[in-house]
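*Asks:* For reference, the file data_8.txt (compact mmCIF, C-alpha atoms) is included below:
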# COMPACT_ATOMS: atom_id res chain seq x y z
CA MET K 201 111.74 104.11 -21.12
CA GLY K 202 108.89 103.73 -18.66
CA ALA K 203 109.06 107.44 -17.81
CA ILE K 204 108.83 108.42 -21.49
CA ALA K 205 105.91 106.08 -21.97
CA GLN K 206 104.20 107.70 -19.00
CA GLN K 207 104.92 111.17 -20.40
CA LEU K 208 103.49 110.31 -23.78
CA GLY K 209 100.57 108.42 -22.29
CA ALA K 210 98.37 111.48 -21.88
CA PRO K 211 98.44 112.87 -25.45
CA LEU K 212 98.14 109.38 -26.83
CA ALA K 213 95.12 108.57 -24.72
CA SER K 214 93.43 111.70 -26.06
CA ASN K 215 94.27 110.70 -29.63
CA ALA K 216 92.98 107.19 -29.10
CA ARG K 217 89.73 108.60 -27.75
CA TRP K 218 89.19 110.55 -30.97
CA GLY K 219 90.17 107.69 -33.19
CA ASP K 220 88.05 104.95 -31.72
CA PRO K 221 85.14 105.57 -29.36
CA ALA K 222 85.33 101.99 -28.10
CA THR K 223 88.85 102.53 -26.73
CA SER K 224 88.55 102.76 -22.98
CA ARG K 225 90.90 103.92 -20.24
CA GLY K 226 91.91 100.33 -19.67
CA LEU K 227 93.72 100.33 -22.99
CA ALA K 228 95.98 103.26 -22.09
CA GLY K 229 98.99 100.98 -21.65
CA ARG K 230 98.66 99.54 -25.12
CA ALA K 231 98.00 103.01 -26.50
CA SER K 232 101.18 104.46 -25.04
CA ALA K 233 103.23 101.58 -26.44
CA GLU K 234 101.69 102.32 -29.81
CA SER K 235 102.54 106.00 -29.38
CA LEU K 236 106.19 105.15 -28.88
CA ARG K 237 106.17 103.06 -32.04
CA ARG K 238 104.50 105.87 -33.96
CA ASP K 239 106.93 108.38 -32.51
CA ARG K 240 109.82 106.32 -33.82
CA LEU K 241 108.18 106.03 -37.24
CA ASP K 242 107.22 109.69 -37.57
CA PRO K 243 109.78 112.11 -36.09
CA ASP K 244 107.31 114.96 -36.60
CA PHE K 245 104.94 113.49 -34.04
CA SER K 246 106.94 114.65 -31.01
CA LEU K 247 107.55 118.05 -32.67
CA VAL K 248 103.80 118.49 -33.15
CA GLU K 249 103.15 117.51 -29.53
CA ARG K 250 105.72 120.07 -28.37
CA CYS K 251 104.18 122.72 -30.64
CA LEU K 252 100.78 122.03 -29.11
CA ALA K 253 102.35 122.52 -25.69
CA GLY K 254 103.36 126.03 -26.86
CA ASP K 255 107.03 125.32 -27.64
CA GLU K 256 108.10 127.96 -30.19
CA ALA K 257 111.45 126.24 -30.90
CA ALA K 258 109.59 123.09 -31.93
CA TRP K 259 107.44 125.15 -34.28
CA GLU K 260 110.54 126.64 -35.89
CA ALA K 261 112.03 123.16 -36.31
CA LEU K 262 108.80 121.91 -37.88
CA VAL K 263 108.68 124.82 -40.36
CA ARG K 264 112.38 124.45 -41.14
CA ALA K 265 111.96 120.74 -41.82
CA HIS K 266 109.06 121.13 -44.26
CA THR K 267 109.44 124.51 -46.01
CA ARG K 268 111.37 123.02 -48.93
CA ARG K 269 108.82 120.24 -49.48
CA VAL K 270 105.80 122.58 -49.37
CA TYR K 271 107.48 125.22 -51.53
CA GLY K 272 108.54 122.53 -54.04
CA PHE K 273 104.98 121.25 -54.33
CA CYS K 274 103.55 124.78 -54.72
CA TYR K 275 106.22 125.83 -57.22
CA ARG K 276 105.88 122.72 -59.38
CA PHE K 277 102.09 123.02 -59.33
CA THR K 278 101.75 126.76 -60.04
CA GLY K 279 104.97 127.25 -62.02
CA LYS K 280 105.53 130.69 -60.47
CA ASP K 281 107.99 131.52 -57.74
CA SER K 282 106.03 134.45 -56.27
CA GLU K 283 102.78 132.47 -56.14
CA ALA K 284 104.59 129.49 -54.64
CA GLN K 285 106.06 131.71 -51.90
CA ASP K 286 102.68 133.23 -51.04
CA LEU K 287 101.03 129.82 -51.02
CA THR K 288 103.77 128.30 -48.85
CA GLN K 289 103.25 131.08 -46.32
CA GLU K 290 99.50 130.51 -46.45
CA VAL K 291 99.99 126.76 -45.90
CA PHE K 292 102.09 127.29 -42.78
CA LEU K 293 99.69 129.91 -41.48
CA ARG K 294 96.91 127.35 -41.78
CA VAL K 295 99.05 124.67 -40.17
CA PHE K 296 99.78 127.08 -37.33
CA ARG K 297 96.09 127.73 -36.78
CA SER K 298 94.85 124.18 -37.18
CA LEU K 299 97.71 122.09 -35.82
CA LYS K 300 95.54 120.87 -32.97
CA SER K 301 93.15 119.28 -35.45
CA TYR K 302 95.95 116.97 -36.63
CA ARG K 303 95.49 113.42 -35.31
CA SER K 304 98.50 111.17 -35.55
CA ASP K 305 96.26 108.10 -35.88
CA GLU K 306 94.96 109.46 -39.19
CA GLY K 307 98.42 109.18 -40.78
CA ALA K 308 101.84 110.78 -40.88
CA PHE K 309 102.21 114.53 -40.38
CA VAL K 310 103.67 114.84 -43.89
CA THR K 311 100.50 113.35 -45.39
CA TRP K 312 98.34 115.79 -43.40
CA LEU K 313 100.58 118.72 -44.40
CA THR K 314 100.55 117.70 -48.08
CA ARG K 315 96.76 117.27 -48.04
CA LEU K 316 96.41 120.78 -46.58
CA SER K 317 98.81 122.18 -49.22
CA ARG K 318 96.99 120.35 -52.00
CA ASN K 319 93.60 121.73 -50.92
CA LEU K 320 95.01 125.26 -50.95
CA LEU K 321 96.59 124.68 -54.37
CA ILE K 322 93.32 123.43 -55.83
CA ASP K 323 91.46 126.44 -54.37
CA HIS K 324 94.12 128.70 -55.88
CA TYR K 325 93.89 126.86 -59.23
CA ARG K 326 90.12 127.40 -59.39
CA ARG K 327 90.41 131.03 -58.29
CA THR K 328 92.98 131.94 -60.95
CA LYS K 329 91.49 129.91 -63.81
CA GLN K 330 90.32 132.97 -65.75
CA GLU K 331 93.65 134.78 -65.39
CA ARG K 332 95.50 131.70 -66.64
CA VAL K 333 93.37 131.42 -69.77
CA THR K 334 94.31 134.97 -70.84
CA GLU K 335 97.92 134.52 -69.80
CA SER K 336 98.38 131.27 -71.69
CA ILE K 337 97.11 132.87 -74.87
CA GLU K 338 99.09 136.09 -74.57
CA GLU K 339 102.32 135.16 -72.84
CA GLN K 340 103.08 131.50 -72.47
CA LEU K 341 103.03 130.53 -76.13
CA PRO K 342 105.81 132.83 -77.39
CA MET K 343 107.92 131.93 -74.35
CA ILE K 344 107.76 128.21 -75.11
CA GLU K 345 108.47 128.76 -78.79
CA GLY K 346 111.38 131.07 -77.99
CA LYS K 347 112.84 128.52 -75.59
CA ALA K 348 112.59 125.67 -78.03
CA GLY K 349 114.06 127.72 -80.86
CA SER K 350 116.92 129.71 -79.37
CA GLU K 351 118.00 128.15 -76.06
CA ALA K 352 117.86 124.44 -76.75
CA ARG K 353 121.26 122.96 -77.37
CA PRO K 354 121.83 121.10 -80.64
CA ASP K 355 122.17 117.73 -78.90
CA GLY K 356 119.02 118.50 -76.89
CA ILE K 357 120.66 117.55 -73.57
CA LEU K 358 119.98 120.06 -70.81
CA ASP K 359 121.79 120.75 -67.57
CA ARG K 360 119.95 120.37 -64.23
CA ARG K 361 118.60 123.92 -64.17
CA GLU K 362 117.49 123.87 -67.81
CA ALA K 363 115.90 120.47 -67.31
CA SER K 364 114.06 121.86 -64.30
CA GLU K 365 112.68 124.77 -66.37
CA ALA K 366 111.67 122.44 -69.21
CA LEU K 367 109.92 120.16 -66.72
CA GLN K 368 108.12 123.16 -65.25
CA LEU K 369 106.76 124.19 -68.65
CA ALA K 370 105.72 120.64 -69.45
CA LEU K 371 104.00 120.17 -66.06
CA GLY K 372 102.00 123.31 -66.78
CA LYS K 373 100.51 121.55 -69.80
CA LEU K 374 99.16 118.67 -67.72
CA SER K 375 95.69 118.65 -66.18
CA PRO K 376 95.84 119.34 -62.41
CA ASP K 377 94.86 115.71 -61.63
CA LEU K 378 97.80 114.24 -63.53
CA ARG K 379 100.15 117.05 -62.50
CA GLU K 380 99.66 116.56 -58.76
CA ALA K 381 100.08 112.78 -59.07
CA VAL K 382 103.40 113.14 -60.93
CA ILE K 383 104.67 115.84 -58.54
CA LEU K 384 103.81 113.85 -55.42
CA ARG K 385 105.34 110.61 -56.68
CA ASP K 386 108.29 111.57 -58.89
CA LEU K 387 109.35 114.84 -57.24
CA GLN K 388 108.19 114.49 -53.64
CA GLU K 389 108.81 110.74 -53.64
CA MET K 390 105.76 109.86 -51.60
CA GLU K 391 104.39 106.32 -51.24
CA TYR K 392 101.32 105.37 -53.30
CA ARG K 393 99.43 104.82 -50.04
CA GLU K 394 100.31 108.32 -48.83
CA ILE K 395 99.36 109.91 -52.16
CA ALA K 396 96.04 108.06 -52.04
CA GLY K 397 95.53 109.55 -48.56
CA VAL K 398 96.39 113.06 -49.73
CA LEU K 399 94.18 112.97 -52.82
CA ASN K 400 91.48 110.89 -51.15
CA ILE K 401 91.34 108.39 -54.01
CA PRO K 402 92.14 104.63 -54.19
CA GLU K 403 95.76 103.55 -54.77
CA GLY K 404 94.79 102.05 -58.14
CA THR K 405 93.56 105.45 -59.34
CA VAL K 406 96.83 107.04 -58.18
CA LYS K 407 98.81 104.56 -60.29
CA SER K 408 96.62 104.99 -63.35
CA ARG K 409 96.92 108.79 -63.11
CA LEU K 410 100.68 108.42 -62.78
CA ASN K 411 100.86 106.29 -65.94
CA ARG K 412 98.81 108.80 -67.89
CA GLY K 413 100.71 111.76 -66.43
CA ARG K 414 104.12 110.32 -67.33
CA ALA K 415 103.04 109.42 -70.87
CA GLU K 416 101.59 112.91 -71.35
CA LEU K 417 104.75 114.50 -69.95
CA ALA K 418 106.92 112.48 -72.37
CA ARG K 419 104.76 113.65 -75.29
CA VAL K 420 104.94 117.34 -74.24
CA LEU K 421 108.70 117.22 -73.64
CA ARG K 422 109.27 115.65 -77.06
CA GLN K 423 107.08 118.36 -78.58
CA GLN K 424 109.50 120.89 -77.06
CA ARG K 425 112.34 118.98 -78.75
CA ILE K 426 113.86 117.95 -75.44
CA ALA K 427 115.82 114.71 -75.41
CA LEU K 428 114.65 112.32 -72.71
CA MET X 219 97.71 89.42 -69.92
CA THR X 220 95.77 92.35 -71.36
CA CYS X 221 97.00 95.96 -71.75
CA GLY X 222 94.59 97.03 -68.98
CA GLU X 223 96.08 94.47 -66.59
CA LEU X 224 99.57 95.63 -67.47
CA GLU X 225 98.63 99.23 -66.66
CA ILE X 226 97.62 98.15 -63.16
CA LEU X 227 101.02 96.52 -62.59
CA LEU X 228 103.08 99.14 -64.48
CA CYS X 229 104.03 101.35 -61.52
CA ASP X 230 105.16 98.40 -59.41
CA TYR X 231 107.01 96.94 -62.41
CA LEU X 232 108.93 100.19 -62.91
CA ASP X 233 109.69 100.35 -59.16
CA GLY X 234 110.99 96.77 -59.30
CA ALA X 235 108.43 95.83 -56.68
CA LEU X 236 106.77 92.97 -58.60
CA GLY X 237 107.28 89.31 -57.75
CA ALA X 238 109.20 87.08 -60.16
CA ASP X 239 106.04 85.54 -61.67
CA ASP X 240 104.35 88.90 -62.31
CA THR X 241 107.57 90.32 -63.77
CA ARG X 242 107.79 87.41 -66.21
CA THR X 243 104.15 87.85 -67.24
CA VAL X 244 104.63 91.61 -67.78
CA GLU X 245 107.79 91.11 -69.83
CA SER X 246 106.26 88.47 -72.06
CA HIS X 247 103.35 90.87 -72.76
CA LEU X 248 105.78 93.69 -73.53
CA GLU X 249 107.52 91.54 -76.15
CA THR X 250 104.28 91.23 -78.10
CA CYS X 251 102.62 94.64 -77.49
CA ALA X 252 104.21 97.71 -79.10
CA ALA X 253 101.87 100.23 -77.42
CA CYS X 254 102.62 98.90 -73.92
CA SER X 255 106.38 98.75 -74.50
CA GLU X 256 106.21 102.38 -75.69
CA LEU X 257 104.33 103.31 -72.52
CA VAL X 258 106.98 101.59 -70.40
CA ARG X 259 109.78 103.30 -72.31
CA ASP X 260 108.15 106.75 -71.96
CA SER X 261 107.54 106.27 -68.24
CA ARG X 262 111.13 105.15 -67.64
CA GLN X 263 112.54 108.07 -69.62
CA VAL X 264 110.32 110.63 -67.89
CA THR X 265 111.17 109.42 -64.39
CA ALA X 266 114.87 109.46 -65.32
CA PHE X 267 114.48 112.98 -66.75
CA ILE X 268 112.73 114.21 -63.60
CA ALA X 269 115.52 112.69 -61.48
CA ARG X 270 118.00 114.79 -63.49
CA THR X 271 116.21 118.10 -62.78
CA ALA X 272 117.36 120.54 -60.13
CA GLU X 273 115.18 120.67 -57.02
CA ALA X 274 113.03 123.78 -56.61
CA GLU X 275 114.90 125.80 -54.00
CA PRO X 276 112.89 128.13 -51.76
CA PRO X 277 114.46 131.58 -51.24
CA ALA X 278 116.25 131.91 -47.88
CA ARG X 279 113.98 134.73 -46.72
CA LEU X 280 110.86 132.56 -47.05
CA LEU X 281 111.57 130.70 -43.79
CA THR X 282 112.07 134.00 -41.95
CA GLN X 283 108.86 135.39 -43.43
CA ILE X 284 106.88 132.33 -42.35
CA LEU X 285 108.31 132.47 -38.84
CA ASN X 286 107.60 136.21 -38.62
CA GLU X 287 104.08 135.67 -39.86
CA THR X 288 103.40 132.93 -37.34
CA GLY X 289 105.53 134.40 -34.56
CA SER X 290 104.18 135.06 -31.08
CA GLY X 291 101.58 137.77 -30.97
CA ARG X 292 101.13 138.17 -34.72
CA HIS X 293 98.36 135.67 -35.26
CA GLY X 294 98.02 134.47 -31.73
CA ARG X 295 100.21 131.94 -30.02
CA LEU X 296 100.32 128.24 -30.73
CA ALA X 297 96.91 127.23 -29.45
CA LYS X 298 97.09 125.20 -26.28
CA ALA X 299 93.45 125.05 -25.33
CA ARG X 300 91.38 122.18 -26.66
CA GLY X 301 87.72 121.38 -26.36
CA ILE X 302 84.94 123.95 -26.15
CA ARG X 303 87.23 126.67 -24.79
CA GLY X 304 89.72 126.22 -27.60
CA TRP X 305 86.94 126.14 -30.14
CA LEU X 306 85.44 129.35 -28.78
CA GLU X 307 88.84 131.04 -28.74
CA ASN X 308 89.40 130.03 -32.35
CA LEU X 309 85.96 131.26 -33.35
CA LEU X 310 86.44 134.63 -31.66
CA ALA X 311 90.12 135.01 -32.60
CA PRO X 312 89.53 137.28 -35.64
CA ALA X 313 87.06 139.46 -33.71
CA LEU X 314 89.44 139.81 -30.77
CA GLN X 315 92.22 141.54 -32.70
CA PRO X 316 93.22 144.64 -30.68
CA ARG X 317 92.49 147.08 -33.53
CA LEU X 318 89.03 145.65 -34.12
CA VAL X 319 88.15 145.62 -30.43
CA MET X 320 89.28 149.26 -30.08
CA GLY X 321 87.21 150.25 -33.11
CA MET X 322 84.14 148.47 -31.79
CA ALA X 323 84.53 150.02 -28.34
CA LEU X 324 84.80 153.54 -29.82
CA THR X 325 81.78 152.98 -32.05
CA ILE X 326 79.67 151.78 -29.13
CA LEU X 327 80.87 154.70 -27.02
CA SER X 328 80.03 157.32 -29.65
CA PHE X 329 76.62 155.80 -30.36
CA SER X 330 75.79 155.66 -26.65
CA MET X 331 76.86 159.29 -26.25
CA MET X 332 74.68 160.32 -29.19
CA ALA X 333 71.77 158.38 -27.77
CA ARG X 334 72.24 159.95 -24.35
CA CYS X 335 72.37 163.46 -25.83
CA ALA X 336 69.21 162.78 -27.80
CA GLY X 337 67.58 161.31 -24.68
CA ILE X 338 67.01 157.86 -26.18
CA SER X 339 67.02 154.92 -23.84
CA PRO X 340 67.95 151.71 -25.67
CA ARG X 341 65.84 149.65 -23.26
CA GLU X 342 62.64 151.41 -24.29
CA LEU X 343 63.25 150.99 -28.01
CA SER X 344 60.96 148.68 -29.99
CA ALA X 345 60.60 147.75 -33.65
CA ALA X 346 57.80 150.28 -34.07
CA ASP X 347 60.23 153.05 -33.10
CA MET X 348 62.12 152.40 -36.32
CA ASN X 349 59.23 153.83 -38.40
CA PRO X 350 60.69 156.87 -40.26
CA ARG X 351 57.56 158.99 -39.70
CA LYS X 352 57.71 158.26 -36.00
CA ILE X 353 61.41 159.03 -35.86
CA TRP X 354 60.82 162.34 -37.69
CA ALA X 355 57.92 163.28 -35.44
CA SER X 356 59.92 162.49 -32.33
CA ILE X 357 62.91 164.50 -33.59
CA ASP X 358 60.64 167.45 -34.50
CA ASP X 359 58.94 167.32 -31.11
CA ARG X 360 62.26 167.02 -29.31
CA VAL X 361 63.77 169.96 -31.23
CA HIS X 362 60.75 172.12 -30.52
CA ARG X 363 60.78 171.30 -26.82
CA THR X 364 64.53 171.85 -26.58
CA TRP X 365 64.15 175.24 -28.29
CA VAL X 366 61.40 176.33 -25.91
CA ARG X 367 63.33 175.07 -22.92
CA SER X 368 66.49 176.86 -23.96
CA VAL X 369 64.62 180.11 -24.58
CA LYS X 370 63.04 179.83 -21.14
CA PHE X 371 66.39 179.00 -19.60
CA TYR X 372 67.96 182.03 -21.29
CA GLU X 373 65.27 184.35 -20.11
CA GLU X 374 65.49 183.08 -16.58
CA ILE X 375 69.18 183.90 -16.21
CA LYS X 376 69.44 186.75 -13.66
CA PHE X 377 71.85 188.80 -15.70
CA VAL X 378 69.68 188.62 -18.82
CA TYR X 379 66.60 189.40 -16.78
CA GLU X 380 68.22 192.49 -15.27
CA ILE X 381 69.36 193.78 -18.64
CA GLN X 382 65.95 193.14 -20.12
CA SER X 383 64.18 194.96 -17.24
CA ARG X 384 66.68 197.85 -17.47
CA LEU X 385 66.06 198.07 -21.19
CA ARG X 386 62.32 198.01 -20.59
CA ASP X 387 62.73 200.83 -18.05
CA TRP X 388 64.76 202.89 -20.50
CA THR X 389 62.21 202.38 -23.21
CA GLU X 390 59.36 203.39 -20.92
CA GLN X 391 61.34 206.41 -19.70
CA GLN X 392 62.02 207.46 -23.27
CA GLU X 393 58.37 207.14 -24.18
CA GLU X 394 57.41 209.21 -21.10
CA GLU X 395 59.86 211.96 -22.06
CA ASP X 396 58.53 212.02 -25.60
CA ARG X 397 54.98 212.32 -24.39
CA ASN X 398 55.92 215.17 -21.99
CA ALA X 399 57.76 217.04 -24.75
CA ILE X 400 54.73 216.87 -27.01
CA LYS X 401 52.42 218.21 -24.20
CA LYS X 402 54.68 221.29 -23.60
CA LEU X 403 54.52 222.48 -27.23
CA PRO X 404 51.93 225.27 -28.27
CA VAL X 405 48.79 224.04 -29.97
CA GLU X 406 49.78 225.31 -33.46
CA GLU X 407 53.18 223.73 -33.24
CA ARG X 408 51.65 220.66 -31.93
CA ARG X 409 49.30 220.59 -34.89
CA VAL X 410 51.73 221.81 -37.51
CA PRO X 411 55.26 220.61 -37.30
CA ALA X 412 57.89 223.20 -38.43
CA SER X 413 59.03 221.11 -41.27
CA THR X 414 55.57 221.03 -42.88
CA PRO X 415 55.52 222.97 -46.18
CA PRO X 416 53.09 225.97 -46.19
CA ALA X 417 51.07 224.66 -49.13
CA ALA X 418 50.32 221.53 -47.24
CA ASN X 419 48.28 223.46 -44.60
CA PRO X 420 44.78 224.40 -45.86
CA GLU X 421 44.19 227.10 -43.11
CA GLU X 422 47.16 229.34 -44.01
CA PRO X 423 45.91 230.97 -47.24
CA ALA X 424 42.76 232.04 -45.40
CA LYS X 425 44.76 233.62 -42.53
CA ALA X 426 46.89 235.65 -44.93
CA ARG X 427 43.84 237.05 -46.65
Take the structure in this file and express it as structure tokens.
*Replies:*
Amino acid sequence: MGAIAQQLGAPLASNARWGDPATSRGLAGRASAESLRRDRLDPDFSLVERCLAGDEAAWEALVRAHTRRVYGFCYRFTGKDSEAQDLTQEVFLRVFRSLKSYRSDEGAFVTWLTRLSRNLLIDHYRRTKQERVTESIEEQLPMIEGKAGSEARPDGILDRREASEALQLALGKLSPDLREAVILRDLQEMEYREIAGVLNIPEGTVKSRLNRGRAELARVLRQQRIAL
Amino acid sequence: MTCGELEILLCDYLDGALGADDTRTVESHLETCAACSELVRDSRQVTAFIARTAEAEPPARLLTQILNETGSGRHGRLAKARGIRGWLENLLAPALQPRLVMGMALTILSFSMMARCAGISPRELSAADMNPRKIWASIDDRVHRTWVRSVKFYEEIKFVYEIQSRLRDWTEQQEEEDRNAIKKLPVEERRVPASTPPAANPEEPAKAR
């Protein structure tokens, strides 16, 4: 145990230096104990440290562990598989380039990763605003009507895949603020505190957006004649 | 409890994270407020609906693509260096791509070769040298001087000089021969060439008479 603490002492001391200028070398012992605690809490911490030491296997493990989460966020936010794939790649490329700027004392790796993904998604949302306006007028409307008319079952109960598609359409109707709150809480199952960290807003605002987002989602789904 | 207060507690109420007292307060409000109980019902139904949906599954090739994209050598290795060195490396990373460096090196090489051929020394250049009139004058002057120099160089080649002097000799010899041939001819012939038509000579009609 002592050997591990010694091994982790160096990266931790450097993190502590960034986090709090008042932390001196004398506090290294306490810092390394804290690092062990953090390491136990966040399994990604040691992976990130190994990545920073140039370990390619650790990088692969990190990507493998988070691809589904990042892709899920991108897909639910954009509603398009091809865009979600491109954005997921872009997210990991950015992570790859800026991994050394991640500080474990600023929060869990997942929060940092989700914040990075969210910033990219918002950039993408702003960039493609004009295209979406045209698309929603020309394409999306008949598709929704067609779905509601021909594919919906008489009892209105959908299987998992159909429910997923219906949710996707309904999420697309939400404003990005409400959409991201619902995705992060109800699909990604993040804590309110973590979501507040990702979106850089108070926890109370997260909850109020969630309430509004869920109510809006219920209204849109009912409009599509989908039984809740 | 007001509707606004309920909204603050709603998420925790749905999660079952409220204390017994708060739960009782919320529930007694819900019994009297139709709008709030509808909000609670909608939220419950939506979260249950979302829980029923299939998870968005990334295609299998996505992981491979990401690893290829971030693999060793493609966009640089996982950065080890921190501090000023790491920062500098990051800053210069796009400019240090092999293709870009090769392109820059070739451009510099070709420009330096052009400058050398034109006899321009980059150290002596100043802002005033960028004046178009000055550039034109210097090019004109340089072209003129190069032309003169090359003509002189050509004329000074031994072989050319010999040919030129031989040609000059031949020309002089030819002229000498022509002059001698004219001297040998009789005076009349010298005056009147054979091809001259008789009517053209004013003395002939008088001679015949």
*Asks:* Taking all atoms listed in the file into account and nothing else, which residues of chain K lie no more than 7 Å away from chain X? Please answer as a PyMOL selection string.
*Replies:* chain K and resi 251-254+260+264+267-268+271-272+285+289+292-293+296+360-361+363-364+386+404+407-408+414-415+418+428
*Asks:* Give as a PyMOL selection string the set of residues within 12 Å of the point (113.6, 121.0, -37.4), where distances use the file's coordinates and all atoms listed in the file.
*Replies:* (chain K and resi 243-248+251+256-268) or (chain X and resi 281)
*Asks:* What separation in Å, quoted to one decimal, exists between CA of Asp240 in chain X and CA of Met219 in chain X?
*Replies:* 10.1 Å
*Asks:* Please measure the separation of CA of Met322 in chain X and CA of Arg360 in chain X, giving the value in Å to one decimal.
*Replies:* 28.8 Å
*Asks:* Which distance in Å separates CA of Asn400 in chain K and CA of Glu223 in chain X, to one decimal?
*Replies:* 23.0 Å
*Asks:* Show which residues sit within 10 Å of range 368-380 of chain K, as number ranges by chain. Count all atoms listed in the file, and ignore same-chain residues fewer than 6 positions away.
*Replies:* K: 273-280, 318, 321-322, 325, 340, 343-344, 362, 386-387, 395, 399, 406, 408-414, 416-424; X: 271, 274
*Asks:* Please list as a list in words every residue within 10 Å of Trp312 in chain K, counting all atoms listed in the file and excluding residues in the same chain fewer than 6 positions away.
*Replies:*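 Contacts, in chain order: Val295, Leu299, Tyr302, Arg303, Ser304, Glu306, Arg318, Glu394, Gly397 and Val398 of chain K.
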*Asks:* Quick one: of X:Ala238, X:Leu224, X:Ala311, X:Leu232, who's nearest to Cys254 in chain X, counting all atoms listed in the file?
*Replies:*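 Of X:Ala238, X:Leu224, X:Ala311, X:Leu232, the one nearest Cys254 in chain X, counting all atoms listed in the file, is X:Leu224.
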*Asks:* Taking all atoms of range 388-407 of chain K that the file lists, what box with edges along x, y and z, padded by 8 Å per side, do you get, with centre and edge lengths in Å to one decimal, as lines of an AutoDock Vina configuration file?
*Replies:*
center_x = 100.1
center_y = 108.3
center_z = -54.4
size_x = 33.5
size_y = 28.4
size_z = 27.7
